[in-house]
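For reference, coords-v7.pdb (PDB, C-alpha atoms):
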ATOM      1  CA  MET A   1     -62.879  79.480 -22.869
ATOM      2  CA  ASP A   2     -66.106  78.750 -24.764
ATOM      3  CA  LYS A   3     -68.620  76.489 -22.970
ATOM      4  CA  LEU A   4     -68.450  73.836 -25.683
ATOM      5  CA  MET A   5     -64.651  73.847 -25.488
ATOM      6  CA  GLN A   6     -64.775  73.569 -21.704
ATOM      7  CA  ARG A   7     -67.111  70.581 -21.829
ATOM      8  CA  ILE A   8     -65.095  68.729 -24.480
ATOM      9  CA  ALA A   9     -61.833  69.455 -22.610
ATOM     10  CA  SER A  10     -63.479  68.111 -19.440
ATOM     11  CA  ASP A  11     -64.767  65.035 -21.298
ATOM     12  CA  ASN A  12     -61.268  64.367 -22.607
ATOM     13  CA  GLU A  13     -59.745  64.732 -19.149
ATOM     14  CA  LYS A  14     -62.276  62.283 -17.739
ATOM     15  CA  ASN A  15     -62.255  59.739 -20.585
ATOM     16  CA  HIS A  16     -58.638  60.090 -21.794
ATOM     17  CA  TYR A  17     -59.598  60.415 -25.455
ATOM     18  CA  TRP A  18     -56.170  61.747 -26.435
ATOM     19  CA  LEU A  19     -52.876  62.912 -24.931
ATOM     20  CA  PRO A  20     -51.163  66.233 -25.705
ATOM     21  CA  SER A  21     -48.457  64.319 -27.585
ATOM     22  CA  ASP A  22     -50.898  62.420 -29.825
ATOM     23  CA  VAL A  23     -51.624  62.925 -33.496
ATOM     24  CA  VAL A  24     -55.398  63.240 -33.898
ATOM     25  CA  LEU A  25     -57.277  63.056 -37.212
ATOM     26  CA  VAL A  26     -60.561  64.960 -37.552
ATOM     27  CA  ALA A  27     -62.973  63.783 -40.266
ATOM     28  CA  VAL A  28     -64.484  66.934 -41.747
ATOM     29  CA  SER A  29     -67.182  67.345 -44.399
ATOM     30  CA  ALA A  30     -67.368  71.175 -44.108
ATOM     31  CA  GLY A  31     -70.876  70.953 -42.596
ATOM     32  CA  VAL A  32     -71.693  72.717 -39.340
ATOM     33  CA  ASP A  33     -71.150  69.600 -37.200
ATOM     34  CA  SER A  34     -67.648  68.752 -38.332
ATOM     35  CA  MET A  35     -66.514  72.376 -38.654
ATOM     36  CA  ALA A  36     -67.571  73.035 -35.053
ATOM     37  CA  LEU A  37     -65.665  69.922 -33.931
ATOM     38  CA  LEU A  38     -62.578  70.892 -35.916
ATOM     39  CA  ASP A  39     -62.552  74.425 -34.538
ATOM     40  CA  VAL A  40     -62.901  73.223 -30.938
ATOM     41  CA  ILE A  41     -60.117  70.645 -31.282
ATOM     42  CA  ARG A  42     -57.875  73.165 -33.051
ATOM     43  CA  ARG A  43     -58.322  75.700 -30.253
ATOM     44  CA  LEU A  44     -57.706  73.063 -27.585
ATOM     45  CA  ALA A  45     -54.538  72.019 -29.426
ATOM     46  CA  GLU A  46     -53.303  75.611 -29.367
ATOM     47  CA  GLU A  47     -53.629  75.516 -25.590
ATOM     48  CA  GLY A  48     -51.465  72.422 -25.291
ATOM     49  CA  GLY A  49     -53.566  69.748 -26.938
ATOM     50  CA  PRO A  50     -52.742  67.155 -29.600
ATOM     51  CA  GLN A  51     -51.366  67.626 -33.113
ATOM     52  CA  VAL A  52     -54.447  68.016 -35.318
ATOM     53  CA  GLU A  53     -54.704  66.896 -38.932
ATOM     54  CA  VAL A  54     -57.785  66.911 -41.164
ATOM     55  CA  VAL A  55     -59.148  64.161 -43.436
ATOM     56  CA  HIS A  56     -61.814  64.826 -46.064
ATOM     57  CA  VAL A  57     -63.431  62.772 -48.834
ATOM     58  CA  HIS A  58     -64.729  64.573 -51.926
ATOM     59  CA  HIS A  59     -67.461  62.272 -53.242
ATOM     60  CA  HIS A  60     -68.073  64.146 -56.527
ATOM     61  CA  LEU A  61     -71.804  63.580 -56.115
ATOM     62  CA  ARG A  62     -72.911  67.224 -56.322
ATOM     63  CA  GLU A  63     -71.457  70.407 -57.769
ATOM     64  CA  SER A  64     -71.515  72.256 -54.436
ATOM     65  CA  ALA A  65     -69.042  69.720 -53.000
ATOM     66  CA  ASP A  66     -66.256  71.692 -54.708
ATOM     67  CA  GLY A  67     -67.253  74.579 -52.448
ATOM     68  CA  ASP A  68     -67.050  72.303 -49.398
ATOM     69  CA  LEU A  69     -63.469  71.416 -50.211
ATOM     70  CA  LYS A  70     -62.493  75.022 -50.969
ATOM     71  CA  LEU A  71     -63.955  76.218 -47.656
ATOM     72  CA  LEU A  72     -62.127  73.498 -45.749
ATOM     73  CA  GLU A  73     -58.790  74.075 -47.490
ATOM     74  CA  THR A  74     -59.042  77.817 -46.849
ATOM     75  CA  TYR A  75     -59.735  77.180 -43.158
ATOM     76  CA  CYS A  76     -56.845  74.726 -42.876
ATOM     77  CA  GLN A  77     -54.426  77.082 -44.643
ATOM     78  CA  LEU A  78     -55.460  79.939 -42.338
ATOM     79  CA  HIS A  79     -54.783  77.825 -39.241
ATOM     80  CA  GLN A  80     -51.831  75.862 -40.659
ATOM     81  CA  LEU A  81     -53.512  72.486 -40.377
ATOM     82  CA  PRO A  82     -52.497  69.574 -42.630
ATOM     83  CA  CYS A  83     -55.467  68.533 -44.793
ATOM     84  CA  HIS A  84     -55.522  65.124 -46.497
ATOM     85  CA  VAL A  85     -58.100  64.697 -49.265
ATOM     86  CA  ARG A  86     -59.395  61.612 -51.054
ATOM     87  CA  HIS A  87     -61.256  62.171 -54.348
ATOM     88  CA  TRP A  88     -63.904  59.525 -55.050
ATOM     89  CA  HIS A  89     -64.504  60.206 -58.719
ATOM     90  CA  GLN A  90     -67.705  59.361 -60.576
ATOM     91  CA  SER A  91     -65.913  56.640 -62.540
ATOM     92  CA  GLU A  92     -65.542  54.789 -59.219
ATOM     93  CA  HIS A  93     -69.206  55.119 -58.208
ATOM     94  CA  PRO A  94     -71.346  51.946 -58.208
ATOM     95  CA  ASN A  95     -74.702  51.722 -59.960
ATOM     96  CA  SER A  96     -76.521  51.039 -56.698
ATOM     97  CA  ASN A  97     -76.004  51.178 -52.916
ATOM     98  CA  TRP A  98     -73.775  54.199 -53.374
ATOM     99  CA  GLU A  99     -74.376  55.404 -49.781
ATOM    100  CA  GLU A 100     -72.869  52.211 -48.380
ATOM    101  CA  ALA A 101     -70.079  52.330 -50.974
ATOM    102  CA  ALA A 102     -69.327  55.954 -50.066
ATOM    103  CA  ARG A 103     -69.151  55.058 -46.390
ATOM    104  CA  HIS A 104     -66.748  52.223 -47.172
ATOM    105  CA  VAL A 105     -64.502  54.559 -49.194
ATOM    106  CA  ARG A 106     -64.479  57.149 -46.403
ATOM    107  CA  TYR A 107     -63.570  54.810 -43.607
ATOM    108  CA  GLN A 108     -61.013  52.920 -45.672
ATOM    109  CA  PHE A 109     -59.313  56.253 -46.411
ATOM    110  CA  PHE A 110     -59.497  57.300 -42.756
ATOM    111  CA  GLU A 111     -57.946  54.015 -41.656
ATOM    112  CA  GLU A 112     -55.141  54.365 -44.195
ATOM    113  CA  GLN A 113     -54.440  57.896 -43.009
ATOM    114  CA  MET A 114     -54.393  56.809 -39.365
ATOM    115  CA  GLU A 115     -51.688  54.288 -40.147
ATOM    116  CA  GLU A 116     -49.713  56.656 -42.355
ATOM    117  CA  ARG A 117     -49.862  59.546 -39.857
ATOM    118  CA  GLN A 118     -49.418  57.261 -36.838
ATOM    119  CA  ALA A 119     -52.528  58.841 -35.361
ATOM    120  CA  SER A 120     -53.956  57.579 -32.081
ATOM    121  CA  CYS A 121     -57.558  58.338 -32.955
ATOM    122  CA  LEU A 122     -60.033  59.510 -35.559
ATOM    123  CA  LEU A 123     -62.627  62.046 -34.416
ATOM    124  CA  THR A 124     -66.017  62.221 -36.121
ATOM    125  CA  ALA A 125     -68.752  64.788 -35.542
ATOM    126  CA  HIS A 126     -71.743  62.515 -34.888
ATOM    127  CA  HIS A 127     -73.973  64.284 -32.365
ATOM    128  CA  ALA A 128     -77.047  63.658 -30.206
ATOM    129  CA  ASP A 129     -79.532  64.151 -33.056
ATOM    130  CA  ASP A 130     -77.606  61.606 -35.162
ATOM    131  CA  GLN A 131     -77.826  59.183 -32.243
ATOM    132  CA  MET A 132     -81.593  59.621 -31.976
ATOM    133  CA  GLU A 133     -82.024  59.068 -35.712
ATOM    134  CA  THR A 134     -79.844  55.958 -35.637
ATOM    135  CA  ILE A 135     -81.698  54.357 -32.736
ATOM    136  CA  LEU A 136     -85.114  55.148 -34.219
ATOM    137  CA  MET A 137     -84.124  53.646 -37.582
ATOM    138  CA  LYS A 138     -82.786  50.496 -35.905
ATOM    139  CA  LEU A 139     -85.956  50.112 -33.837
ATOM    140  CA  THR A 140     -88.114  50.576 -36.925
ATOM    141  CA  ARG A 141     -86.180  48.215 -39.193
ATOM    142  CA  GLY A 142     -85.243  45.667 -36.548
ATOM    143  CA  SER A 143     -81.760  44.936 -35.283
ATOM    144  CA  THR A 144     -79.790  43.306 -32.468
ATOM    145  CA  LEU A 145     -78.904  44.554 -28.989
ATOM    146  CA  SER A 146     -75.753  46.133 -30.398
ATOM    147  CA  GLY A 147     -77.722  47.868 -33.150
ATOM    148  CA  TYR A 148     -80.441  49.146 -30.831
ATOM    149  CA  SER A 149     -77.785  50.694 -28.589
ATOM    150  CA  GLY A 150     -76.792  53.106 -31.351
ATOM    151  CA  MET A 151     -73.348  54.573 -31.851
ATOM    152  CA  LYS A 152     -70.600  54.141 -29.286
ATOM    153  CA  ALA A 153     -68.638  57.187 -28.132
ATOM    154  CA  VAL A 154     -65.429  55.172 -28.458
ATOM    155  CA  ARG A 155     -64.644  52.037 -30.419
ATOM    156  CA  PRO A 156     -61.531  50.373 -31.863
ATOM    157  CA  PHE A 157     -60.629  51.583 -35.334
ATOM    158  CA  GLY A 158     -57.540  51.013 -37.467
ATOM    159  CA  ASN A 159     -54.437  51.156 -35.318
ATOM    160  CA  GLY A 160     -56.216  53.241 -32.692
ATOM    161  CA  ARG A 161     -59.729  54.352 -31.827
ATOM    162  CA  LEU A 162     -62.684  56.123 -33.409
ATOM    163  CA  ILE A 163     -64.034  58.757 -31.021
ATOM    164  CA  ARG A 164     -67.287  60.706 -31.226
ATOM    165  CA  PRO A 165     -66.846  63.615 -28.791
ATOM    166  CA  LEU A 166     -70.167  65.284 -29.716
ATOM    167  CA  LEU A 167     -72.612  62.444 -29.031
ATOM    168  CA  SER A 168     -74.113  64.256 -26.035
ATOM    169  CA  TYR A 169     -74.446  67.603 -27.879
ATOM    170  CA  GLU A 170     -77.473  68.654 -29.910
ATOM    171  CA  LYS A 171     -77.095  70.135 -33.371
ATOM    172  CA  ASN A 172     -78.469  73.520 -32.336
ATOM    173  CA  GLU A 173     -75.540  73.832 -29.909
ATOM    174  CA  LEU A 174     -73.150  73.347 -32.822
ATOM    175  CA  TYR A 175     -74.905  75.993 -34.899
ATOM    176  CA  ARG A 176     -74.661  78.355 -31.941
ATOM    177  CA  TYR A 177     -70.964  77.656 -31.502
ATOM    178  CA  CYS A 178     -70.191  78.368 -35.171
ATOM    179  CA  HIS A 179     -72.249  81.561 -35.189
ATOM    180  CA  ASP A 180     -70.726  82.847 -31.932
ATOM    181  CA  ASN A 181     -67.160  82.096 -33.034
ATOM    182  CA  GLY A 182     -67.342  82.975 -36.712
ATOM    183  CA  VAL A 183     -66.640  79.435 -37.859
ATOM    184  CA  PRO A 184     -67.453  78.965 -41.565
ATOM    185  CA  TYR A 185     -69.488  75.994 -42.737
ATOM    186  CA  GLN A 186     -71.483  74.950 -45.762
ATOM    187  CA  GLU A 187     -74.913  73.341 -45.792
ATOM    188  CA  ASP A 188     -75.350  70.193 -47.879
ATOM    189  CA  GLU A 189     -78.543  70.767 -49.871
ATOM    190  CA  THR A 190     -79.220  67.014 -49.996
ATOM    191  CA  ASN A 191     -79.824  67.102 -46.224
ATOM    192  CA  GLN A 192     -83.238  68.599 -47.011
ATOM    193  CA  SER A 193     -84.262  65.879 -49.458
ATOM    194  CA  MET A 194     -86.995  63.517 -48.235
ATOM    195  CA  ALA A 195     -85.698  60.889 -50.649
ATOM    196  CA  TYR A 196     -83.237  59.833 -47.939
ATOM    197  CA  THR A 197     -84.504  57.779 -45.008
ATOM    198  CA  ARG A 198     -82.392  59.556 -42.404
ATOM    199  CA  ASN A 199     -83.699  62.942 -43.556
ATOM    200  CA  ARG A 200     -87.292  61.831 -43.057
ATOM    201  CA  TYR A 201     -86.499  60.858 -39.480
ATOM    202  CA  ARG A 202     -84.555  64.105 -38.988
ATOM    203  CA  HIS A 203     -87.181  66.484 -40.305
ATOM    204  CA  GLN A 204     -90.427  64.679 -39.489
ATOM    205  CA  LEU A 205     -89.932  62.544 -36.368
ATOM    206  CA  LEU A 206     -87.282  64.299 -34.283
ATOM    207  CA  PRO A 207     -89.147  67.633 -34.073
ATOM    208  CA  LEU A 208     -92.264  65.809 -32.816
ATOM    209  CA  ILE A 209     -90.287  63.889 -30.185
ATOM    210  CA  LYS A 210     -88.494  67.012 -28.982
ATOM    211  CA  GLN A 211     -91.813  68.833 -28.858
ATOM    212  CA  GLU A 212     -93.039  66.166 -26.446
ATOM    213  CA  ASN A 213     -89.884  66.419 -24.323
ATOM    214  CA  GLN A 214     -87.021  68.845 -24.810
ATOM    215  CA  GLN A 215     -84.740  66.458 -22.911
ATOM    216  CA  ALA A 216     -85.447  63.585 -25.301
ATOM    217  CA  SER A 217     -81.945  63.474 -26.788
ATOM    218  CA  GLN A 218     -80.483  63.045 -23.298
ATOM    219  CA  HIS A 219     -82.878  60.171 -22.627
ATOM    220  CA  PHE A 220     -81.924  58.503 -25.919
ATOM    221  CA  GLN A 221     -78.252  58.802 -25.000
ATOM    222  CA  ALA A 222     -78.931  57.304 -21.550
ATOM    223  CA  PHE A 223     -80.853  54.455 -23.218
ATOM    224  CA  SER A 224     -77.918  53.886 -25.562
ATOM    225  CA  GLN A 225     -75.439  53.803 -22.686
ATOM    226  CA  GLN A 226     -77.559  51.372 -20.663
ATOM    227  CA  LEU A 227     -77.762  48.933 -23.583
ATOM    228  CA  GLN A 228     -74.023  49.248 -24.200
ATOM    229  CA  ASP A 229     -73.397  48.504 -20.503
ATOM    230  CA  ILE A 230     -75.592  45.392 -20.729
ATOM    231  CA  GLU A 231     -73.782  44.306 -23.894
ATOM    232  CA  GLU A 232     -70.412  44.761 -22.186
ATOM    233  CA  LEU A 233     -71.506  42.626 -19.229
ATOM    234  CA  LEU A 234     -72.983  39.943 -21.507
ATOM    235  CA  SER A 235     -69.937  39.658 -23.761
ATOM    236  CA  PRO A 236     -67.713  37.449 -21.517
ATOM    237  CA  LEU A 237     -70.707  35.265 -20.631
ATOM    238  CA  LEU A 238     -71.561  34.684 -24.292
ATOM    239  CA  THR A 239     -67.929  34.097 -25.216
ATOM    240  CA  THR A 240     -67.712  31.362 -22.566
ATOM    241  CA  HIS A 241     -70.943  29.645 -23.636
ATOM    242  CA  PHE A 242     -70.060  29.929 -27.315
ATOM    243  CA  ALA A 243     -66.701  28.211 -26.703
ATOM    244  CA  ARG A 244     -68.508  25.395 -24.866
ATOM    245  CA  LEU A 245     -71.191  24.861 -27.526
ATOM    246  CA  PHE A 246     -69.384  25.561 -30.810
ATOM    247  CA  GLN A 247     -66.230  24.209 -32.410
ATOM    248  CA  THR A 248     -64.507  25.192 -35.623
ATOM    249  CA  ASN A 249     -63.916  22.660 -38.389
ATOM    250  CA  GLU A 250     -62.473  22.696 -41.915
ATOM    251  CA  ASP A 251     -65.626  24.136 -43.498
ATOM    252  CA  GLY A 252     -66.862  26.434 -40.733
ATOM    253  CA  TRP A 253     -68.403  25.668 -37.370
ATOM    254  CA  GLN A 254     -70.275  22.881 -35.623
ATOM    255  CA  LEU A 255     -72.710  23.022 -32.735
ATOM    256  CA  ASP A 256     -73.325  20.389 -30.047
ATOM    257  CA  ARG A 257     -77.107  20.125 -30.323
ATOM    258  CA  LEU A 258     -77.697  18.242 -27.052
ATOM    259  CA  LEU A 259     -75.807  20.797 -24.988
ATOM    260  CA  PHE A 260     -77.523  23.635 -26.850
ATOM    261  CA  ILE A 261     -81.134  22.494 -26.276
ATOM    262  CA  GLU A 262     -80.421  22.116 -22.545
ATOM    263  CA  GLU A 263     -79.880  25.872 -22.309
ATOM    264  CA  THR A 264     -82.692  28.331 -21.608
ATOM    265  CA  PRO A 265     -84.428  29.844 -24.676
ATOM    266  CA  ALA A 266     -82.963  33.252 -23.800
ATOM    267  CA  LEU A 267     -79.394  31.930 -23.815
ATOM    268  CA  GLN A 268     -80.029  29.974 -27.029
ATOM    269  CA  ARG A 269     -81.130  33.153 -28.796
ATOM    270  CA  LEU A 270     -78.256  35.204 -27.405
ATOM    271  CA  VAL A 271     -75.554  32.659 -28.261
ATOM    272  CA  LEU A 272     -76.843  32.243 -31.822
ATOM    273  CA  THR A 273     -77.069  36.000 -32.285
ATOM    274  CA  TYR A 274     -73.519  36.345 -30.936
ATOM    275  CA  PHE A 275     -72.381  33.758 -33.481
ATOM    276  CA  PHE A 276     -74.166  35.407 -36.405
ATOM    277  CA  GLU A 277     -73.106  38.950 -35.534
ATOM    278  CA  THR A 278     -69.584  38.358 -34.201
ATOM    279  CA  ILE A 279     -68.156  35.063 -35.382
ATOM    280  CA  GLY A 280     -70.100  33.767 -38.346
ATOM    281  CA  PRO A 281     -70.266  34.565 -42.066
ATOM    282  CA  LYS A 282     -70.023  38.203 -43.122
ATOM    283  CA  ASP A 283     -70.860  39.899 -46.422
ATOM    284  CA  SER A 284     -73.823  37.644 -47.137
ATOM    285  CA  ILE A 285     -77.554  38.233 -47.399
ATOM    286  CA  PHE A 286     -78.095  36.198 -44.245
ATOM    287  CA  SER A 287     -79.886  38.279 -41.608
ATOM    288  CA  SER A 288     -79.798  37.106 -38.003
ATOM    289  CA  LYS A 289     -82.929  39.035 -36.981
ATOM    290  CA  LYS A 290     -84.897  37.543 -39.892
ATOM    291  CA  HIS A 291     -83.597  33.978 -39.844
ATOM    292  CA  LEU A 292     -83.039  33.359 -36.128
ATOM    293  CA  PRO A 293     -86.473  31.697 -35.529
ATOM    294  CA  THR A 294     -85.932  29.445 -38.564
ATOM    295  CA  VAL A 295     -82.490  28.376 -37.352
ATOM    296  CA  LEU A 296     -83.755  27.729 -33.827
ATOM    297  CA  ALA A 297     -86.639  25.578 -35.147
ATOM    298  CA  PHE A 298     -84.197  23.621 -37.344
ATOM    299  CA  ILE A 299     -81.883  22.898 -34.405
ATOM    300  CA  GLN A 300     -84.716  21.952 -32.045
ATOM    301  CA  SER A 301     -86.607  19.702 -34.484
ATOM    302  CA  ASP A 302     -86.629  15.947 -33.903
ATOM    303  CA  LEU A 303     -85.459  15.132 -37.422
ATOM    304  CA  ALA A 304     -82.239  13.118 -37.300
ATOM    305  CA  GLN A 305     -80.849  14.638 -40.485
ATOM    306  CA  GLY A 306     -81.648  17.668 -42.603
ATOM    307  CA  GLU A 307     -80.304  20.689 -44.437
ATOM    308  CA  LEU A 308     -81.201  24.366 -44.402
ATOM    309  CA  ASN A 309     -80.011  26.905 -46.980
ATOM    310  CA  LEU A 310     -80.414  30.527 -45.980
ATOM    311  CA  GLY A 311     -78.319  32.176 -48.662
ATOM    312  CA  GLY A 312     -74.760  32.838 -47.585
ATOM    313  CA  LEU A 313     -75.221  30.358 -44.733
ATOM    314  CA  GLN A 314     -75.937  26.638 -44.933
ATOM    315  CA  LEU A 315     -76.795  24.338 -42.036
ATOM    316  CA  LYS A 316     -76.626  20.554 -41.955
ATOM    317  CA  LYS A 317     -78.014  18.393 -39.157
ATOM    318  CA  ARG A 318     -76.316  15.067 -38.635
ATOM    319  CA  TYR A 319     -78.036  13.605 -35.586
ATOM    320  CA  ASN A 320     -76.845  15.739 -32.667
ATOM    321  CA  VAL A 321     -74.311  17.860 -34.513
ATOM    322  CA  ILE A 322     -75.298  20.986 -36.464
ATOM    323  CA  TYR A 323     -72.802  22.096 -39.106
ATOM    324  CA  PHE A 324     -72.669  25.736 -40.211
ATOM    325  CA  HIS A 325     -70.773  26.801 -43.303
ATOM    326  CA  ARG A 326     -70.832  29.525 -45.919
ATOM    327  CA  GLY A 327     -73.126  28.934 -48.867
ATOM    328  CA  SER A 328     -71.819  29.059 -52.418
ATOM    329  CA  ALA A 329     -72.215  32.180 -54.534
ATOM    330  CA  GLU A 330     -74.722  30.311 -56.705
ATOM    331  CA  ASN A 331     -76.819  29.342 -53.696
ATOM    332  CA  GLU A 332     -76.796  32.904 -52.419
ATOM    333  CA  LYS A 333     -77.908  34.262 -55.801
ATOM    334  CA  GLU A 334     -80.692  31.668 -56.007
ATOM    335  CA  HIS A 335     -81.820  32.446 -52.458
ATOM    336  CA  LYS A 336     -81.886  36.168 -53.194
ATOM    337  CA  LYS A 337     -83.885  35.511 -56.383
ATOM    338  CA  ASN A 338     -86.421  33.365 -54.549
ATOM    339  CA  ALA A 339     -86.706  35.914 -51.732
ATOM    340  CA  HIS A 340     -88.083  38.441 -54.207
ATOM    341  CA  LEU A 341     -90.662  36.133 -55.829
TER     342      LEU A 341
END

Please go through the file and, once you have read it, give me the structure as structure tokens.
Amino acid sequence: MDKLMQRIASDNEKNHYWLPSDVVLVAVSAGVDSMALLDVIRRLAEEGGPQVEVVHVHHHLRESADGDLKLLETYCQLHQLPCHVRHWHQSEHPNSNWEEAARHVRYQFFEEQMEERQASCLLTAHHADDQMETILMKLTRGSTLSGYSGMKAVRPFGNGRLIRPLLSYEKNELYRYCHDNGVPYQEDETNQSMAYTRNRYRHQLLPLIKQENQQASQHFQAFSQQLQDIEELLSPLLTTHFARLFQTNEDGWQLDRLLFIEETPALQRLVLTYFFETIGPKDSIFSSKKHLPTVLAFIQSDLAQGELNLGGLQLKKRYNVIYFHRGSAENEKEHKKNAHL
């Protein structure tokens, strides 16, 4: 058995990613990462593993993507693997933020397929280099503890779990596997373009870091795991304190100011971040990392009454109660306009 296969089989035995009786979906782009993952899982399935099915999204963003799909369909036909394809046609593309829109389309399709196929998990081919890039981008842009910890190897998704079996493997290992085993793949030419932020990290920063220390990817993964462990330990503590300090009402949430200001500054920041990231308004331009100091100052001020509009989130102070509720669409547009002045 190939070394990569042995390690992934051992990881599965230790972490119980899937059972032999499970239906497993593999998200495949036809790049080297996902083709290596698909080939490994297919070979493990032939030795008594799960039922493997493939999901692919054709984004219709470049002409060579037709070749990606053809390569994948040929591979699946050769190995008798079901292949489910979603075409995201140009008529569906937005005028801006297409990367985020494409991601939404992909994962919505994957979730639908999980339910339809009664699959226990979705496997994606994110690897150690992807993890390094993600953590570096979060550190550069600013994020929360959860963001700084990078991608999780396992997380809930759809009616099952999303699993990233390759997070501890570097990309050069995947190239080696494909070359040694004759696995076809197709390079996406846009991966070389410096117009994309991730590519700049990939081609300019990662080589320098690895030059300093060839074990850097392992250290990044250890850093990620340590932060995820801390987050897991903090979660029940924050849930308990949140329930004591916050209450829901008809319009949103309310905070007991007197109880809140008695807490340590560290707990105040953590509870508010937990609220913003886990409980509070989504799909707004409110940013917890940007607005947290403003919100804390508003809560701690001696003013008996006041209001704070942050675009997508509005706060009202009525003596010792702080009310949080979603802002109107008009307020959010106005806030966004003013933010760019």

Spatial neighbours of A:His104, max dist 12 Å, all atoms listed in the file, sep filter under 6 positions, as number ranges by chain: A: 57, 59, 88, 93-94, 97-98, 110-111

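Proximity of A:Val23, A:Ile322, A:Lys290, A:Thr239 to A:Leu310, computed with all atoms listed in the file, is greatest for A:Lys290.
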
I'd like the contact shell of stretch 118-131 of chain A - 7 Å cut-off, only C-alpha atoms, skipping same-chain residues fewer than 5 positions apart - returned as number ranges by chain. A: 22-27, 33-34, 37, 150-151, 160-164, 166-171, 217

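A straight line drawn from atom CA of A:Ala9 to atom CA of A:Asn181 is 17.2 Å long.
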
Need to verify the contact set: A:Glu263, 12 Å, only C-alpha atoms, exclusion of same-chain residues closer than 4 positions in sequence. Can you return it as an MDAnalysis selection string? chainID A and resid 241:242 244:245 256:259 267:272 300

To one decimal place, how far is atom CA of A:Ala65 from atom CA of A:Ala30 in Å?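 According to the coordinates, atom CA of A:Ala65 and atom CA of A:Ala30 are separated by 9.2 Å.
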
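Taking atom CA of A:Gly158 as the reference point, atom CA of A:Gln108 is found at 9.1 Å.
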
What residues come out when you apply the PyMOL selection byres ((chain A and resi 299) around 12) to this file, written as an mmCIF file with C-alpha atoms, in the coordinates of the input?
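part-v4.cif written:
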data_model
loop_
_atom_site.group_PDB
_atom_site.id
_atom_site.type_symbol
_atom_site.label_atom_id
_atom_site.label_comp_id
_atom_site.auth_asym_id
_atom_site.auth_seq_id
_atom_site.Cartn_x
_atom_site.Cartn_y
_atom_site.Cartn_z
ATOM 1 C CA GLN A 254 -70.275 22.881 -35.623
ATOM 2 C CA LEU A 255 -72.710 23.022 -32.735
ATOM 3 C CA ASP A 256 -73.325 20.389 -30.047
ATOM 4 C CA ARG A 257 -77.107 20.125 -30.323
ATOM 5 C CA LEU A 258 -77.697 18.242 -27.052
ATOM 6 C CA LEU A 259 -75.807 20.797 -24.988
ATOM 7 C CA PHE A 260 -77.523 23.635 -26.850
ATOM 8 C CA ILE A 261 -81.134 22.494 -26.276
ATOM 9 C CA GLU A 262 -80.421 22.116 -22.545
ATOM 10 C CA GLN A 268 -80.029 29.974 -27.029
ATOM 11 C CA ARG A 269 -81.130 33.153 -28.796
ATOM 12 C CA LEU A 272 -76.843 32.243 -31.822
ATOM 13 C CA LEU A 292 -83.039 33.359 -36.128
ATOM 14 C CA PRO A 293 -86.473 31.697 -35.529
ATOM 15 C CA THR A 294 -85.932 29.445 -38.564
ATOM 16 C CA VAL A 295 -82.490 28.376 -37.352
ATOM 17 C CA LEU A 296 -83.755 27.729 -33.827
ATOM 18 C CA ALA A 297 -86.639 25.578 -35.147
ATOM 19 C CA PHE A 298 -84.197 23.621 -37.344
ATOM 20 C CA GLN A 300 -84.716 21.952 -32.045
ATOM 21 C CA SER A 301 -86.607 19.702 -34.484
ATOM 22 C CA ASP A 302 -86.629 15.947 -33.903
ATOM 23 C CA LEU A 303 -85.459 15.132 -37.422
ATOM 24 C CA ALA A 304 -82.239 13.118 -37.300
ATOM 25 C CA GLN A 305 -80.849 14.638 -40.485
ATOM 26 C CA GLY A 306 -81.648 17.668 -42.603
ATOM 27 C CA GLU A 307 -80.304 20.689 -44.437
ATOM 28 C CA LEU A 308 -81.201 24.366 -44.402
ATOM 29 C CA LEU A 315 -76.795 24.338 -42.036
ATOM 30 C CA LYS A 316 -76.626 20.554 -41.955
ATOM 31 C CA LYS A 317 -78.014 18.393 -39.157
ATOM 32 C CA ARG A 318 -76.316 15.067 -38.635
ATOM 33 C CA TYR A 319 -78.036 13.605 -35.586
ATOM 34 C CA ASN A 320 -76.845 15.739 -32.667
ATOM 35 C CA VAL A 321 -74.311 17.860 -34.513
ATOM 36 C CA ILE A 322 -75.298 20.986 -36.464
ATOM 37 C CA TYR A 323 -72.802 22.096 -39.106
ATOM 38 C CA PHE A 324 -72.669 25.736 -40.211
#

Evaluated on this file, the PyMOL selection byres ((chain A and resi 4) around 9) picks out some residues - which ones are they, written as JSON, numbers by chain? {"A": [1, 2, 3, 5, 6, 7, 8, 9, 40, 169, 173, 174, 177]}

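Closest to A:Pro165 among A:Val55, A:Leu38, A:Val183, A:Leu238 is A:Leu38, based on all atoms listed in the file.
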
Which residues would end up in the selection if the PyMOL selection byres ((chain A and resi 83) around 8) were applied here, given that I need the answer as a PDB file with C-alpha atoms, in the coordinates of the input?
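Writing the result to selection.pdb gives the following:
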ATOM      1  CA  GLU A  53     -54.704  66.896 -38.932  1.00  0.00           C
ATOM      2  CA  VAL A  54     -57.785  66.911 -41.164  1.00  0.00           C
ATOM      3  CA  VAL A  55     -59.148  64.161 -43.436  1.00  0.00           C
ATOM      4  CA  HIS A  56     -61.814  64.826 -46.064  1.00  0.00           C
ATOM      5  CA  GLU A  73     -58.790  74.075 -47.490  1.00  0.00           C
ATOM      6  CA  CYS A  76     -56.845  74.726 -42.876  1.00  0.00           C
ATOM      7  CA  LEU A  81     -53.512  72.486 -40.377  1.00  0.00           C
ATOM      8  CA  PRO A  82     -52.497  69.574 -42.630  1.00  0.00           C
ATOM      9  CA  HIS A  84     -55.522  65.124 -46.497  1.00  0.00           C
ATOM     10  CA  VAL A  85     -58.100  64.697 -49.265  1.00  0.00           C
TER      11      VAL A  85
END

Within 9 Å of A:Leu205 using only C-alpha atoms, minus same-chain residues under 5 positions, as number ranges by chain: A: 133, 200, 210

From the list A:Leu69, A:Asn213, A:His58, A:Ser235, the nearest residue to A:Gln186 using only C-alpha atoms is A:Leu69
